[in-house]
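Structure below is query-v4.cif: mmCIF, C-alpha atoms.
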data_upload
#
loop_
_atom_site.label_atom_id
_atom_site.label_comp_id
_atom_site.auth_asym_id
_atom_site.auth_seq_id
_atom_site.Cartn_x
_atom_site.Cartn_y
_atom_site.Cartn_z
CA MET A 39 74.94 102.18 83.56
CA GLN A 40 76.67 104.36 81.00
CA THR A 41 80.38 104.28 80.19
CA PHE A 42 82.18 107.09 82.00
CA LEU A 43 85.69 106.30 80.76
CA LYS A 44 87.77 103.61 79.08
CA THR A 45 91.15 102.80 80.60
CA LYS A 46 93.52 99.87 81.00
CA ASP A 47 95.66 97.98 83.46
CA PHE A 48 98.97 99.84 83.16
CA ALA A 49 100.66 97.97 86.00
CA VAL A 50 100.33 94.29 85.09
CA SER A 51 98.28 92.97 82.17
CA GLY A 52 97.71 95.86 79.74
CA GLU A 53 94.08 94.73 79.40
CA GLU A 54 91.36 97.30 78.73
CA PHE A 55 88.40 98.00 81.01
CA ARG A 56 85.43 100.35 81.18
CA LEU A 57 84.37 102.48 84.10
CA LEU A 58 80.58 102.55 84.34
CA TYR A 59 78.79 105.36 86.14
CA ASP A 60 76.32 104.31 88.85
CA GLN A 61 74.05 107.36 89.13
CA GLU A 62 72.19 106.09 92.19
CA LEU A 63 75.36 105.84 94.27
CA ASP A 64 77.45 108.46 92.41
CA MET A 65 80.35 106.08 91.87
CA LEU A 66 82.18 104.25 89.08
CA VAL A 67 82.23 100.48 88.61
CA THR A 68 85.02 98.58 86.84
CA ASP A 69 83.73 96.47 83.94
CA PRO A 70 84.36 93.63 83.53
CA GLN A 71 85.33 92.52 87.04
CA PRO A 72 87.56 89.46 86.65
CA LYS A 73 86.47 86.34 88.50
CA GLU A 74 90.11 85.37 89.02
CA ILE A 75 91.52 88.62 90.34
CA ASP A 76 94.63 87.22 92.07
CA LYS A 77 96.74 87.16 88.89
CA TYR A 78 96.40 90.94 88.56
CA TYR A 79 98.32 91.38 91.81
CA LEU A 80 101.27 89.26 90.66
CA SER A 81 103.75 92.06 90.07
CA SER A 82 106.82 93.34 91.88
CA SER A 83 105.53 96.84 91.06
CA TYR A 84 102.54 96.32 93.38
CA ILE A 85 104.43 97.87 96.24
CA SER A 86 101.95 97.43 99.09
CA HIS A 87 102.39 93.66 98.70
CA THR A 88 106.15 93.53 98.20
CA ASP A 89 107.90 96.19 100.35
CA SER A 90 110.00 96.95 97.27
CA PHE A 91 112.83 99.51 97.63
CA GLU A 92 114.18 99.08 94.10
CA THR A 93 113.44 102.49 92.59
CA PHE A 94 113.50 106.08 93.78
CA SER A 95 109.70 106.05 93.54
CA ASP A 96 109.62 103.05 95.88
CA GLN A 97 111.89 104.80 98.37
CA LEU A 98 109.80 107.98 98.19
CA TYR A 99 106.65 105.92 98.74
CA HIS A 100 108.07 104.32 101.89
CA LEU A 101 109.35 107.63 103.26
CA VAL A 102 105.91 109.21 102.99
CA LYS A 103 104.26 105.98 104.14
CA LYS A 104 106.30 105.93 107.37
CA TYR A 105 105.25 109.48 108.20
CA MET A 106 101.61 108.79 107.35
CA LEU A 107 101.47 105.59 109.42
CA TRP A 108 102.42 107.46 112.59
CA LYS A 109 100.00 110.23 111.70
CA LYS A 110 97.16 107.73 111.21
CA ILE A 111 97.65 105.97 114.54
CA ARG A 112 97.90 109.26 116.41
CA MET A 113 94.68 110.38 114.72
CA LEU A 114 92.92 107.28 116.05
CA GLU A 115 94.27 107.87 119.53
CA ARG A 116 93.12 111.48 119.54
CA TYR A 117 89.69 110.45 118.35
CA LEU A 118 89.21 107.59 120.85
CA GLY A 119 91.13 109.26 123.65
CA LYS A 120 93.07 106.02 124.18
CA SER A 121 94.45 102.96 122.50
CA GLY A 122 92.23 99.92 122.03
CA SER A 123 91.68 97.03 119.66
CA VAL A 124 92.10 97.54 115.92
CA LEU A 125 91.34 95.34 112.93
CA ASP A 126 93.09 96.33 109.70
CA ILE A 127 91.41 95.00 106.55
CA GLY A 128 93.78 94.68 103.60
CA ALA A 129 96.74 94.90 105.94
CA GLY A 130 99.33 94.37 103.19
CA THR A 131 102.71 93.59 104.75
CA GLY A 132 101.52 94.74 108.17
CA ASP A 133 103.33 98.03 108.70
CA PHE A 134 100.33 99.91 110.10
CA LEU A 135 99.62 97.11 112.58
CA ARG A 136 103.27 96.95 113.63
CA ILE A 137 103.22 100.62 114.58
CA ALA A 138 99.83 100.26 116.30
CA GLN A 139 101.22 97.37 118.33
CA LYS A 140 104.21 99.45 119.41
CA ARG A 141 101.75 102.10 120.62
CA GLY A 142 99.96 99.57 122.82
CA TRP A 143 97.05 98.58 120.59
CA ASP A 144 95.65 95.06 120.45
CA ILE A 145 95.95 94.22 116.77
CA GLU A 146 94.46 91.90 114.18
CA GLY A 147 94.68 92.01 110.41
CA VAL A 148 93.24 90.43 107.29
CA GLU A 149 95.24 90.15 104.07
CA PRO A 150 94.21 87.75 101.30
CA ASN A 151 97.46 88.00 99.32
CA PRO A 152 99.84 85.17 100.39
CA MET A 153 102.99 87.07 99.38
CA ALA A 154 102.06 90.04 101.56
CA ARG A 155 101.06 87.76 104.45
CA GLY A 156 104.42 86.04 104.21
CA LEU A 157 106.25 89.35 104.58
CA ALA A 158 104.04 90.23 107.53
CA ILE A 159 104.89 86.91 109.22
CA GLU A 160 108.57 87.83 108.93
CA LYS A 161 107.66 90.91 111.00
CA GLN A 162 106.00 88.67 113.62
CA LEU A 163 102.55 89.69 112.43
CA PRO A 164 100.45 86.60 111.61
CA LEU A 165 97.57 87.93 109.52
CA LYS A 166 94.30 86.20 108.74
CA SER A 167 93.55 85.38 105.13
CA ASP A 168 89.78 85.90 105.32
CA MET A 169 87.12 87.71 107.34
CA LYS A 170 85.63 84.28 108.14
CA ASP A 171 88.57 83.69 110.49
CA LEU A 172 87.34 86.49 112.79
CA VAL A 173 84.09 84.91 113.98
CA GLY A 174 83.33 85.92 117.57
CA MET A 175 85.90 88.72 117.66
CA SER A 176 85.08 92.43 118.08
CA PHE A 177 87.10 95.62 117.77
CA ASP A 178 87.06 99.29 118.77
CA VAL A 179 88.31 100.34 115.33
CA ILE A 180 88.24 98.76 111.87
CA THR A 181 90.55 100.40 109.35
CA LEU A 182 90.60 100.13 105.57
CA TRP A 183 93.57 102.07 104.21
CA HIS A 184 92.91 102.07 100.45
CA THR A 185 91.20 98.68 100.70
CA LEU A 186 87.48 99.27 100.17
CA GLU A 187 87.99 99.80 96.43
CA HIS A 188 89.47 96.28 96.16
CA ILE A 189 86.68 94.37 97.91
CA PRO A 190 84.24 92.25 95.88
CA ASP A 191 80.66 91.82 97.17
CA LEU A 192 80.84 95.28 98.68
CA ASP A 193 77.59 95.18 100.66
CA GLY A 194 78.20 91.66 101.95
CA GLN A 195 81.70 92.52 103.12
CA ILE A 196 80.56 95.70 104.86
CA ASP A 197 77.99 93.63 106.77
CA ALA A 198 80.72 91.16 107.75
CA MET A 199 82.90 93.99 109.03
CA LEU A 200 80.08 95.48 111.08
CA GLU A 201 79.63 92.13 112.81
CA CYS A 202 83.20 92.57 114.08
CA LEU A 203 82.71 96.19 115.20
CA LYS A 204 81.76 97.06 118.76
CA GLU A 205 78.52 99.00 119.17
CA ASP A 206 80.39 102.22 119.94
CA GLY A 207 83.26 101.42 117.56
CA ILE A 208 84.31 103.35 114.46
CA MET A 209 85.31 102.49 110.91
CA VAL A 210 88.09 104.41 109.20
CA VAL A 211 88.07 104.29 105.41
CA ALA A 212 90.62 105.87 103.04
CA VAL A 213 89.87 105.77 99.31
CA PRO A 214 90.74 107.71 96.12
CA ASN A 215 88.29 110.33 94.90
CA PHE A 216 87.52 110.20 91.17
CA LYS A 217 86.17 113.77 91.30
CA SER A 218 89.55 115.28 92.19
CA ARG A 219 91.38 117.64 89.87
CA ASP A 220 94.21 115.18 89.18
CA ALA A 221 91.67 112.49 88.18
CA LYS A 222 90.06 114.90 85.73
CA TYR A 223 93.45 115.96 84.35
CA TYR A 224 94.97 112.50 83.85
CA LYS A 225 91.68 110.87 82.75
CA GLU A 226 92.33 107.27 81.63
CA TYR A 227 95.94 107.53 82.87
CA TRP A 228 94.96 108.39 86.45
CA ALA A 229 96.86 105.82 88.49
CA ALA A 230 94.23 105.60 91.22
CA TYR A 231 91.79 103.93 88.82
CA ASP A 232 94.21 100.96 88.96
CA VAL A 233 91.87 98.60 87.11
CA PRO A 234 90.96 95.84 87.61
CA ARG A 235 92.36 95.70 91.15
CA HIS A 236 90.15 98.67 92.01
CA LEU A 237 86.63 97.38 91.47
CA TRP A 238 84.89 100.54 92.71
CA HIS A 239 85.72 104.23 92.40
CA PHE A 240 84.14 106.45 95.03
CA SER A 241 83.00 110.02 95.32
CA GLN A 242 82.40 111.60 98.72
CA GLU A 243 78.66 111.25 98.17
CA ALA A 244 79.07 107.56 97.29
CA ILE A 245 80.69 106.76 100.63
CA GLU A 246 77.79 108.38 102.50
CA ARG A 247 75.15 106.64 100.39
CA ILE A 248 76.75 103.19 100.56
CA PHE A 249 77.18 103.18 104.33
CA LYS A 250 73.78 104.74 104.92
CA LYS A 251 72.29 101.53 103.51
CA HIS A 252 74.01 99.71 106.37
CA GLN A 253 72.80 102.13 109.06
CA VAL A 254 76.25 103.68 109.34
CA LYS A 255 76.73 107.44 109.32
CA LEU A 256 79.64 109.60 108.30
CA ILE A 257 80.85 111.64 111.25
CA LYS A 258 84.05 113.15 109.86
CA LYS A 259 86.07 113.38 106.67
CA SER A 260 89.45 114.86 105.86
CA PRO A 261 91.92 114.98 102.94
CA LEU A 262 94.99 112.82 102.42
CA ARG A 263 97.04 115.46 100.66
CA PHE A 264 100.23 113.46 100.15
CA ASP A 265 98.35 110.97 97.98
CA ALA A 266 97.98 113.54 95.21
CA TYR A 267 101.76 113.66 94.65
CA TYR A 268 102.33 109.91 94.55
CA ILE A 269 99.29 109.31 92.33
CA ALA A 270 100.48 112.06 89.98
CA LEU A 271 103.93 110.47 89.83
CA LEU A 272 102.49 107.13 88.72
CA SER A 273 100.05 108.84 86.36
CA GLU A 274 102.89 110.68 84.65
CA LYS A 275 104.62 107.35 84.04
CA TYR A 276 101.45 105.81 82.59
CA LYS A 277 100.77 108.84 80.40
CA ASN A 278 104.26 109.70 79.19
CA GLY A 279 106.25 106.51 79.72
CA LYS A 280 108.57 107.97 82.34
CA SER A 281 108.52 109.40 85.86
CA ASN A 282 108.61 113.18 85.66
CA TYR A 283 109.11 114.13 89.31
CA LEU A 284 108.88 117.88 88.87
CA ARG A 285 105.73 117.73 86.80
CA ALA A 286 104.17 115.20 89.16
CA PHE A 287 104.90 117.48 92.12
CA TRP A 288 103.40 120.42 90.24
CA MET A 289 100.25 118.51 89.29
CA GLY A 290 99.84 117.15 92.82
CA MET A 291 100.20 120.65 94.25
CA ARG A 292 97.70 122.07 91.75
CA SER A 293 95.22 119.36 92.69
CA ASN A 294 95.56 120.18 96.38
CA ILE A 295 95.28 123.93 95.76
CA SER A 296 92.16 123.38 93.67
CA ALA A 297 90.70 121.25 96.46
CA TRP A 298 90.98 124.09 98.99
CA GLN A 299 87.89 125.47 97.31
CA SER A 300 86.22 122.41 95.79
CA LYS A 301 87.04 120.06 98.72
CA GLU A 302 87.61 117.33 96.11
CA TYR A 303 91.02 116.01 97.19
CA SER A 304 92.79 113.16 95.41
CA SER A 305 92.14 110.83 98.35
CA MET A 306 89.81 111.20 101.30
CA LEU A 307 89.67 109.77 104.81
CA TYR A 308 86.25 108.97 106.29
CA ILE A 309 85.33 108.14 109.89
CA LEU A 310 82.04 106.29 110.21
CA LYS A 311 79.88 105.06 113.08
CA ARG A 312 76.63 103.18 113.53
CA ARG A 313 73.49 105.34 113.59
#
Encoded form using C-alpha cells:
Amino acid sequence: MQTFLKTKDFAVSGEEFRLLYDQELDMLVTDPQPKEIDKYYLSSSYISHTDSFETFSDQLYHLVKKYMLWKKIRMLERYLGKSGSVLDIGAGTGDFLRIAQKRGWDIEGVEPNPMARGLAIEKQLPLKSDMKDLVGMSFDVITLWHTLEHIPDLDGQIDAMLECLKEDGIMVVAVPNFKSRDAKYYKEYWAAYDVPRHLWHFSQEAIERIFKKHQVKLIKKSPLRFDAYYIALLSEKYKNGKSNYLRAFWMGMRSNISAWQSKEYSSMLYILKRR
C-alpha cells in the first residue's frame, strides 16, 4: 500500500503516523497501529470518554450531541416502526443508551475504556467491557456511532457483531468520510483522522465493500451534517493553534454545500442488513 498522507496525533502523544491507501477497499489504514492503544485515550480532551464541560468547545459538543442523540433514536424508531432491543458498540459514557432506555428500548452496551464505563455506571448503565460478554444474546439493532474506525481486527469484530444480530436486524454505522471537502482542505490537520485511535478511514465505497464480504448489504445512507462544523473546529485548532469559531463554521458550511453535489459529506450514516 502506498502512503496517502503523513499526519500526527495532535490530541495526546504528538507521534507521527502514515495513512496508507488500500486500493482494493478504497480506504486508508493507519500505520503503524500501536499494540498498546489504551494509552492514546488517556486524555481529558478525549471528550466521548470524559463528559468534559470545561471549554466552550466542550459545551458546544454536548449541545449538538444532545440534539443528535434524540434524532438518532427517532430515526431508528421510524425505520423499525417500533422500539426493540439495541446494542451500542463503543458506548462511551452511555448517553445514547440512556435516551434509548427512556424511549422504551431494551439496551445493552460495550465500552472497553474503564473511565468511560465508570461514568456510565454513575448513570445506572452497567456496560460490558468486551463483545465476549454478549454470548447468547441477540438484538434488533446494533449501533456503532463513530466506533468502527477504532476497532482492531475489523473483519473478526464484524463477524462477532453479526452473531449478536437477529436475522431481520439492522446495523447502524456512523463514520467520518476521508473524501469530504473538509478532509481535503485540512489534509494532515483534519481532526477526523485522529491517529492512532482511528485505525481505519472509510470512503462510502469502502463501507459497501467491507460489509459485502460478510454478506451484509447497504440499504440506506445519509449525511451527518453537524459533524462538519465540529471537525472543522478541531482542525482549525490543530492547524493554527487556536479555535477559530467563525472560520470553522465557514469551512463546515462550505463542506456541506460542496457535498450537496458530490454527496461526500464529512461524516456518513449507513444502515446495513444481511443479504
Return as a PyMOL selection string the set of residues that the PyMOL selection byres ((chain A and resi 133) around 10) yields on the displayed structure. chain A and resi 86+89+103-104+107+129-132+134-139+158+161+163
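Taking CA of Lys225 in chain A and CA of Ser273 in chain A as the two end points, the separation is 9.3 Å.
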Just give me the gap between CA of Ser304 in chain A and CA of Asn215 in chain A in Å, one decimal is fine. 5.3 Å
Leaving out Ala286 in chain A and any residue of its chain fewer than 3 positions from it, which residues lie within 10 Å of it when counting all atoms listed in the file, given as number ranges by chain? A: 220, 266-275, 281-283, 289-292
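In this comparison, which uses all atoms listed in the file, the residue of A:Asn151, A:Gln299, A:Lys77, A:Val179 approaching Met113 in chain A most closely is A:Val179.
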Selected by the PyMOL selection byres ((chain A and resi 120) around 12) in the shown coordinates: which residues, as a ChimeraX atom specification? /A:111-119,121-124,138,141-144,178-179
Cut-off 8 Å: closest range 103-150 of chain A/range 180-201 of chain A atom pairs per residue, using only C-alpha atoms, as a Markdown table:
| residue | atom | partner | partner_atom | distance |
| --- | --- | --- | --- | --- |
| A:Val124 | CA | A:Ile180 | CA | 5.7 |
| A:Leu125 | CA | A:Ile180 | CA | 4.7 |
| A:Asp126 | CA | A:Thr181 | CA | 4.8 |
| A:Ile127 | CA | A:Leu182 | CA | 5.3 |
| A:Gly128 | CA | A:Thr185 | CA | 5.6 |
Name every residue that the PyMOL selection byres ((chain A and resi 263) around 8) selects in this structure, writing the answer as a count of residues only with chains first and numbers rising. 10
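One finds CA of Lys204 in chain A at 5.7 Å from CA of Ser176 in chain A.
Minimum atom-to-atom distances from A:Lys251, A:Phe48, A:Val213, A:Ser296 to Tyr308 in chain A were compared using only C-alpha atoms, and the lowest value belongs to A:Val213.
The closest residue to Asp60 in chain A, picked from A:Trp298, A:Tyr224, A:Tyr79, A:Phe240 and counting all atoms listed in the file, is A:Phe240.
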Polymer residues at most 9 Å from Gln71 in chain A, only C-alpha atoms, same-chain spacing of 3 or more positions, as a VMD selection string: chain A and resid 55 67 to 68 74 to 75 190 233 to 235 237
Sorted by chain and rising residue number, which residues of range 220-290 of chain A lie within 10 Å of range 205-212 of chain A, and what are their closest atom pairs and distances in Å to one decimal, counting all atoms listed in the file, as CSV?
residue,atom,partner,partner_atom,distance
A:Ile245,CA,A:Val211,CA,9.1
A:Val254,CA,A:Met209,CA,9.3
A:Leu256,CA,A:Met209,CA,9.5
A:Ile257,CA,A:Ile208,CA,9.5
A:Lys258,CA,A:Val210,CA,9.7
A:Lys259,CA,A:Val211,CA,9.4
A:Ser260,CA,A:Ala212,CA,9.5
A:Pro261,CA,A:Ala212,CA,9.2
A:Leu262,CA,A:Ala212,CA,8.2
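Distance check against Ala221 in chain A using all atoms listed in the file: of A:Leu284, A:Ala49, A:Cys202, A:Leu43, the minimum falls on A:Leu43.
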With 6 Å added on each side, what axis-aligned box encloses every listed atom of range 286-292 of chain A? Give the centre and edge lengths in Å to one decimal, as AutoDock Vina command-line options.
--center_x 101.3 --center_y 118.6 --center_z 91.7 --size_x 19.2 --size_y 18.9 --size_z 17.1
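Using only C-alpha atoms, the shortest contact distance between Met65 in chain A and any of A:Ser218, A:Ser241, A:Gln40, A:Gln162 is found at A:Ser241.
Residue nearest Ser167 in chain A, chosen from A:Arg312, A:Arg219, A:Arg155, A:Lys44 and counting all atoms listed in the file: A:Arg155.
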Since the input is missing atoms for range 234-270 of chain A, could you rebuild it with N, CA and C atoms and give the result as an mmCIF file, in the frame of the given file?
data_model
loop_
_atom_site.group_PDB
_atom_site.id
_atom_site.type_symbol
_atom_site.label_atom_id
_atom_site.label_comp_id
_atom_site.auth_asym_id
_atom_site.auth_seq_id
_atom_site.Cartn_x
_atom_site.Cartn_y
_atom_site.Cartn_z
ATOM 1 N N PRO A 234 92.253 96.173 87.000
ATOM 2 C CA PRO A 234 90.960 95.840 87.610
ATOM 3 C C PRO A 234 91.043 95.611 89.106
ATOM 4 N N ARG A 235 92.219 95.903 89.705
ATOM 5 C CA ARG A 235 92.360 95.700 91.150
ATOM 6 C C ARG A 235 91.394 96.585 91.927
ATOM 7 N N HIS A 236 91.172 97.806 91.429
ATOM 8 C CA HIS A 236 90.150 98.670 92.010
ATOM 9 C C HIS A 236 88.830 98.373 91.300
ATOM 10 N N LEU A 237 87.923 97.772 92.035
ATOM 11 C CA LEU A 237 86.630 97.380 91.470
ATOM 12 C C LEU A 237 85.630 98.517 91.510
ATOM 13 N N TRP A 238 85.820 99.426 92.476
ATOM 14 C CA TRP A 238 84.890 100.540 92.710
ATOM 15 C C TRP A 238 85.690 101.827 92.806
ATOM 16 N N HIS A 239 85.057 102.932 92.409
ATOM 17 C CA HIS A 239 85.720 104.230 92.400
ATOM 18 C C HIS A 239 84.742 105.227 93.014
ATOM 19 N N PHE A 240 85.106 105.747 94.198
ATOM 20 C CA PHE A 240 84.140 106.450 95.030
ATOM 21 C C PHE A 240 84.238 107.969 94.913
ATOM 22 N N SER A 241 83.087 108.596 95.039
ATOM 23 C CA SER A 241 83.000 110.020 95.320
ATOM 24 C C SER A 241 82.707 110.159 96.814
ATOM 25 N N GLN A 242 82.743 111.388 97.319
ATOM 26 C CA GLN A 242 82.400 111.600 98.720
ATOM 27 C C GLN A 242 80.934 111.229 98.969
ATOM 28 N N GLU A 243 80.082 111.574 98.028
ATOM 29 C CA GLU A 243 78.660 111.250 98.170
ATOM 30 C C GLU A 243 78.456 109.742 98.156
ATOM 31 N N ALA A 244 79.225 109.017 97.364
ATOM 32 C CA ALA A 244 79.070 107.560 97.290
ATOM 33 C C ALA A 244 79.338 106.903 98.635
ATOM 34 N N ILE A 245 80.378 107.346 99.328
ATOM 35 C CA ILE A 245 80.690 106.760 100.630
ATOM 36 C C ILE A 245 79.509 106.946 101.593
ATOM 37 N N GLU A 246 78.944 108.141 101.627
ATOM 38 C CA GLU A 246 77.790 108.380 102.500
ATOM 39 C C GLU A 246 76.616 107.496 102.120
ATOM 40 N N ARG A 247 76.324 107.396 100.838
ATOM 41 C CA ARG A 247 75.150 106.640 100.390
ATOM 42 C C ARG A 247 75.320 105.141 100.639
ATOM 43 N N ILE A 248 76.509 104.622 100.371
ATOM 44 C CA ILE A 248 76.750 103.190 100.560
ATOM 45 C C ILE A 248 76.593 102.805 102.026
ATOM 46 N N PHE A 249 77.222 103.558 102.913
ATOM 47 C CA PHE A 249 77.180 103.180 104.330
ATOM 48 C C PHE A 249 75.829 103.508 104.970
ATOM 49 N N LYS A 250 75.124 104.453 104.418
ATOM 50 C CA LYS A 250 73.780 104.740 104.920
ATOM 51 C C LYS A 250 72.880 103.524 104.780
ATOM 52 N N LYS A 251 73.069 102.754 103.713
ATOM 53 C CA LYS A 251 72.290 101.530 103.510
ATOM 54 C C LYS A 251 72.523 100.533 104.640
ATOM 55 N N HIS A 252 73.651 100.630 105.302
ATOM 56 C CA HIS A 252 74.010 99.710 106.370
ATOM 57 C C HIS A 252 73.818 100.342 107.762
ATOM 58 N N GLN A 253 73.066 101.441 107.796
ATOM 59 C CA GLN A 253 72.800 102.130 109.060
ATOM 60 C C GLN A 253 74.077 102.636 109.723
ATOM 61 N N VAL A 254 74.986 103.111 108.886
ATOM 62 C CA VAL A 254 76.250 103.680 109.340
ATOM 63 C C VAL A 254 76.332 105.112 108.832
ATOM 64 N N LYS A 255 76.697 106.027 109.706
ATOM 65 C CA LYS A 255 76.730 107.440 109.320
ATOM 66 C C LYS A 255 78.159 107.967 109.273
ATOM 67 N N LEU A 256 78.357 108.908 108.402
ATOM 68 C CA LEU A 256 79.640 109.600 108.300
ATOM 69 C C LEU A 256 79.692 110.671 109.373
ATOM 70 N N ILE A 257 80.739 110.643 110.188
ATOM 71 C CA ILE A 257 80.850 111.640 111.250
ATOM 72 C C ILE A 257 82.012 112.616 111.030
ATOM 73 N N LYS A 258 82.947 112.237 110.149
ATOM 74 C CA LYS A 258 84.050 113.150 109.860
ATOM 75 C C LYS A 258 84.737 112.727 108.583
ATOM 76 N N LYS A 259 85.238 113.690 107.827
ATOM 77 C CA LYS A 259 86.070 113.380 106.670
ATOM 78 C C LYS A 259 87.181 114.405 106.555
ATOM 79 N N SER A 260 88.296 113.974 105.997
ATOM 80 C CA SER A 260 89.450 114.860 105.860
ATOM 81 C C SER A 260 90.295 114.416 104.673
ATOM 82 N N PRO A 261 91.109 115.310 104.128
ATOM 83 C CA PRO A 261 91.920 114.980 102.940
ATOM 84 C C PRO A 261 93.180 114.211 103.306
ATOM 85 N N LEU A 262 93.674 113.436 102.350
ATOM 86 C CA LEU A 262 94.990 112.820 102.420
ATOM 87 C C LEU A 262 95.837 113.478 101.327
ATOM 88 N N ARG A 263 96.419 114.598 101.664
ATOM 89 C CA ARG A 263 97.040 115.460 100.660
ATOM 90 C C ARG A 263 98.262 114.837 99.994
ATOM 91 N N PHE A 264 99.027 114.048 100.735
ATOM 92 C CA PHE A 264 100.230 113.460 100.150
ATOM 93 C C PHE A 264 99.902 112.523 98.998
ATOM 94 N N ASP A 265 98.713 111.927 99.027
ATOM 95 C CA ASP A 265 98.350 110.970 97.980
ATOM 96 C C ASP A 265 98.387 111.592 96.592
ATOM 97 N N ALA A 266 98.036 112.871 96.511
ATOM 98 C CA ALA A 266 97.980 113.540 95.210
ATOM 99 C C ALA A 266 99.330 113.498 94.497
ATOM 100 N N TYR A 267 100.422 113.616 95.251
ATOM 101 C CA TYR A 267 101.760 113.660 94.650
ATOM 102 C C TYR A 267 102.179 112.277 94.150
ATOM 103 N N TYR A 268 101.936 111.253 94.955
ATOM 104 C CA TYR A 268 102.330 109.910 94.550
ATOM 105 C C TYR A 268 101.476 109.417 93.367
ATOM 106 N N ILE A 269 100.178 109.704 93.429
ATOM 107 C CA ILE A 269 99.290 109.310 92.330
ATOM 108 C C ILE A 269 99.692 110.035 91.042
ATOM 109 N N ALA A 270 100.044 111.310 91.156
ATOM 110 C CA ALA A 270 100.480 112.060 89.980
ATOM 111 C C ALA A 270 101.772 111.491 89.408
#
